Amino acid sequence: MPMLTILSCLPADHDLRYVTAALLVCVLGSILSMRLLARVRRNTGLRRLHLLFLAGLVAGGTVWTTHFAAILGYDAPGNRSFEVGLTFASLGLSVAFSWLGFFVTTRTQRGPLIEIGGAVFGFGIAAMHYTGMGALNLEGIRTWHAPAIWLSLVLAMGFGAVAANRIARPVTRFCKYGSSLAMVLAILSLHFTGMAALTLAPTAALAAPAQALSDSVMLISIVTGIGLIMAMAASAYMIDMQAAQEAVEGYRQLALQDPLTGLPNRNGLGQRLTPLLADGDETAHLVVLAIDLDRFKDINDAHGHAAGDAVLTTIAQRIAAILQPGEFLARIGGDEFVAVKSEIFARNEAAKFAERMRTLVLTPVEWEERSLSVGCSIGIALYPEHGLSSDELLTRADLAMYRAKSLGQGKICTYEPSMDEASRRRAELAIDLKRALVRNEFELHYQVQNDTQSGEIIGFEALLRWNHPVKGRVPPNDFIPMAEQTGLIVDIGDWVLRTACTTAASWSQPFKVAVNVAPMQLNHDLPKRVAEVLRETGLAPERLEIELTETGIIADRQHALQVMQALKAIGVTVAMDDFGTGYSSLSTLQVFPFDKIKVDKSFIQSVETSVHAAAIVKATLLLGRSLNIPVLAEGVETEQHLAFLREEGCTSVQGFLFGKPMPHEAVSRMIREVEVAQISATEAPAKSAAAA
């Protein structure tokens with residue numbers, strides 16, 4: 001037998017048609033495998049496991065199909081066939097190592113396991129290749145070049161690590177293509193280097209069995225199979241991508257849309273308003289309305305949040321139904337809306353737009369056979385006069401709205417530059433308020449409460465005053481709401497309670513002292529604090545009267561009832577302040593065991609001019625007698641007020657007619673004078689009897 005020629009199995013010894021098919025499968029499979037691996041890293045739970053299964057299946061199938069297609073194109077002398085067991089074992093190894101490598105890679109977001117997993121995947125390519133080569137029956141003696149084998153292993157594992165690195169640690173948007181290219185290089189470098197490591201010496205003594213199917217049939221079958229797998233995986237990838245996009249779109253909608261009303265929220269408002277300012281007609285104006293609902297909290301407190309939601313939804317739907325081109329409405333807070341109208345050329349169009357919004361808001365809302373009504377305060381800001389950016393316009397519309405609210409319900413105000421100064425002063429005042437308690441700037445004044453018939457003193461109400469070192473005496477209406485908004489009212493209220501009790505304990509006569517309690521104080525263990533203050537100051541519990549407003553207790557009726565019962569258990573009396581101004585005073589009196597009702601001064605001061613006010617006062621006094629609850633009338637300033645109350649049977653009064661709020665020194669003098677008068681009245685009969 002003549003000397004046999006040693007054939008070097010280099011890439012040049014392959015049929016280019018098969019190599020092209022192998023390359024096509026390799027490129028497409030690598031792109032899809034890396035995209036799936038990226039999706040695996042971005043998911044969790046069962047979805048992550050499903051995507052990991054698909055990624056490993058596609059990657060393993062790609063490696064095996066590339067190898068098999070290239071082997072079919074290998075120009076080997078003589079017959080060639082494949083051993084079925086080892087052939088499918090090589091496929092199993094390819095898929096298994098792909099799963100394992102990808103699993104390791106996805107175990108961490110930053111650590112070295114990323115590259116280790118890629119190297120494991122590359123090792124699987126080598127394991128598949130050399131197992132597959134073992135399944136190849138050739139007519140010749142094989143000789144392997146060890147350095148080339150080790151080189152092929154290093155190349156496969158190295159490029160595998162690079163592929164994992166690029167997909168897990170991207171630095172540019174092109175890294176996803178770099179990872180696919182690295183996987184292609186891992187497969188091809190292994191295959192061709194591994195083939196170059198093989199030297200085949202043909203010999204007739206080693207005959208290979210004939211192959212049952214032709215190479216073309218086998219190639220078509222294999223490529224079709226992997227193609228179906230890749231199509232299935234690509235479909236799953238697209239489904240996952242679409243689901244993710246739908247989720248992102250859903251989150252985007254949530255970020256831009258109010259879930260209750262479906263209107264744009266604050267972010268959505270900015271997204272719609274900014275382009276209008278940038279691209280609108282330069283000769284036209286744009287109006288921004290800040291709309292704040294009045295009495296909305298009363299509806300929530302009295303009827304629950306379902307009623308409040310119904311009011312908001314109905315108002316939103318009502319306005320949205322009549323919006324004209326160039327108009328839109330947004331909800332930016334609990335009961336705050338913003339309406340925008342573009343392309344207006346006359347200032348009176350802004351006023352008409354605001355009036356149209358107000359009319360729609362004021363229309364009652366029918367809910368569960370009840371008619372619910374709210375008011376609104378509206379502020380107007382115009383572009384470009386009042387601001388050039390959306391933030392400026394919204395801020396200035398808010399300032400105008402707050403001015404409207406300060407003027408009374410249902411008002412409409414247009415922004416004026418002076419409002420900025422007022423806002424700045426309020427901000428300064430809020431800062432100063434935080435320091436006022438520490439600097440001892442607060443003071444209590446006391447207003448006398450008298451018996452209606454005899455005029456005798458029955459007690460005093462403690463009233464808070466703020467002596468600002470620069471601004472002088474700050475009205476309570478200016479700083480009390482601010483204290484409630486900032487939460488400072490809790491500490492301030494505690495100081496008021498302690499100071500009032502300490503002062504009352506020093507009086508020579510056991511008059512009562514009434515202390516107003518803010519709603520927020522009810523949530524800070526008020527009964528315990530009251531008991532501590534009474535114990536520390538030595539004031540008898542029956543001499544302290546806690547005044548609560550209906551709006552302060554109705555937000556959480558059950559808790560407020562528990563607080564009131566605990567206060568009464570201490571021995572303190574509890575009065576309802578500002579009766580008649582709340583939303584459902586009658587139902588409140590039915591539930592809460594008040595010891596006294598205080599009629600709001602707005603009714604008393606109108607009894608001479610308003611039939612309705614007089615009727616309300618009469619009804620309140622009748623209600624008090626029916627429930628056996630004493631009634632005190634506030635705001636008594638004239639003899640006519642007093643005469644009316646005497647005639648109607650009111651037992652106690654408070655107002656300027658008997659005295660303005662006084663500092664504690666003046667109150668102490670008044671009490672001493674009362675004491676002297678009582679002693680004189682007692683001694684006079686005794687002297688007369690002695691003289692007789």
# chains A, B, ... in the order shown; residues from 1 in each chain; ligands from 1
call {"tool": "residues_around", "arguments": {"residues": "A:Met419", "least_positions_apart": "4", "cutoff": "12 Å", "atoms": "only C-alpha atoms", "output": "ChimeraX atom specification"}}
result
/A:379,381,386,395-404,413-415,423-426
call {"tool": "write_last_selection", "arguments": {"atoms": "C-alpha atoms", "output": "PDB file, in the first residue's frame"}}
result
ATOM      1  CA  GLY A 379     -56.441  82.058  40.444  1.00  0.00           C
ATOM      2  CA  ALA A 381     -52.107  83.652  35.405  1.00  0.00           C
ATOM      3  CA  HIS A 386     -47.211  86.735  34.307  1.00  0.00           C
ATOM      4  CA  THR A 395     -46.752  79.335  40.860  1.00  0.00           C
ATOM      5  CA  ARG A 396     -48.403  82.653  40.091  1.00  0.00           C
ATOM      6  CA  ALA A 397     -51.770  81.095  39.387  1.00  0.00           C
ATOM      7  CA  ASP A 398     -51.460  79.465  42.835  1.00  0.00           C
ATOM      8  CA  LEU A 399     -50.664  82.820  44.435  1.00  0.00           C
ATOM      9  CA  ALA A 400     -53.748  84.333  42.822  1.00  0.00           C
ATOM     10  CA  MET A 401     -55.828  81.382  43.993  1.00  0.00           C
ATOM     11  CA  TYR A 402     -54.667  81.819  47.597  1.00  0.00           C
ATOM     12  CA  ARG A 403     -55.576  85.488  47.388  1.00  0.00           C
ATOM     13  CA  ALA A 404     -59.031  84.484  46.111  1.00  0.00           C
ATOM     14  CA  CYS A 413     -58.455  86.601  41.270  1.00  0.00           C
ATOM     15  CA  THR A 414     -55.866  87.455  38.633  1.00  0.00           C
ATOM     16  CA  TYR A 415     -52.200  87.427  39.558  1.00  0.00           C
ATOM     17  CA  SER A 423     -46.009  85.064  49.548  1.00  0.00           C
ATOM     18  CA  ARG A 424     -42.484  86.034  50.603  1.00  0.00           C
ATOM     19  CA  ARG A 425     -43.839  87.527  53.824  1.00  0.00           C
ATOM     20  CA  ARG A 426     -45.781  84.334  54.568  1.00  0.00           C
TER      21      ARG A 426
END
call {"tool": "select_by_dssp", "arguments": {"residues": "stretch 540-657 of chain A", "states": "strand (DSSP E or B)", "output": "number ranges by chain"}}
result
A: 544-549, 573-579, 596-599, 631-634, 652-654
call {"tool": "closest_residue", "arguments": {"among": "A:His129, A:His559, A:Lys568, A:Arg331", "to": "A:Ile546", "atoms": "only C-alpha atoms"}}
result
A:Lys568
call {"tool": "residues_around", "arguments": {"residues": "A:Leu329", "least_positions_apart": "5", "cutoff": "12 Å", "atoms": "only C-alpha atoms", "output": "ChimeraX atom specification"}}
result
/A:257-258,261-266,268-270,272-273,287-291,315-324,336-341,353,357
call {"tool": "residues_around", "arguments": {"residues": "A:Trp64", "least_positions_apart": "2", "cutoff": "8 Å", "atoms": "only C-alpha atoms", "output": "short mmCIF file (atom, residue, chain, number, x, y, z; two decimals) with C-alpha atoms, in the first residue's frame"}}
result
data_model
loop_
_atom_site.label_atom_id
_atom_site.label_comp_id
_atom_site.auth_asym_id
_atom_site.auth_seq_id
_atom_site.Cartn_x
_atom_site.Cartn_y
_atom_site.Cartn_z
CA GLY A 60 -26.79 25.08 22.66
CA GLY A 61 -28.71 24.37 19.46
CA THR A 62 -26.82 27.12 17.65
CA THR A 66 -23.05 25.29 13.44
CA HIS A 67 -20.67 22.43 14.21
CA PHE A 68 -22.79 19.82 12.44
CA SER A 90 -22.78 16.25 21.94
CA LEU A 91 -26.09 18.09 21.51
CA SER A 94 -23.97 21.85 24.22
CA MET A 128 -19.61 19.61 22.27
CA HIS A 129 -17.06 19.88 19.43
#
call {"tool": "closest_residue", "arguments": {"among": "A:Asp578, A:Asp595, A:Asp292, A:Glu639", "to": "A:Ile412", "atoms": "only C-alpha atoms"}}
result
A:Asp292
call {"tool": "atom_distance", "arguments": {"atom1": "atom CA of A:Thr108", "atom2": "atom CA of A:Ser152"}}
result
27.6 Å
call {"tool": "residues_around", "arguments": {"residues": "A:Gly160", "least_positions_apart": "6", "cutoff": "6 Å", "atoms": "only C-alpha atoms", "output": "count of residues only"}}
result
5
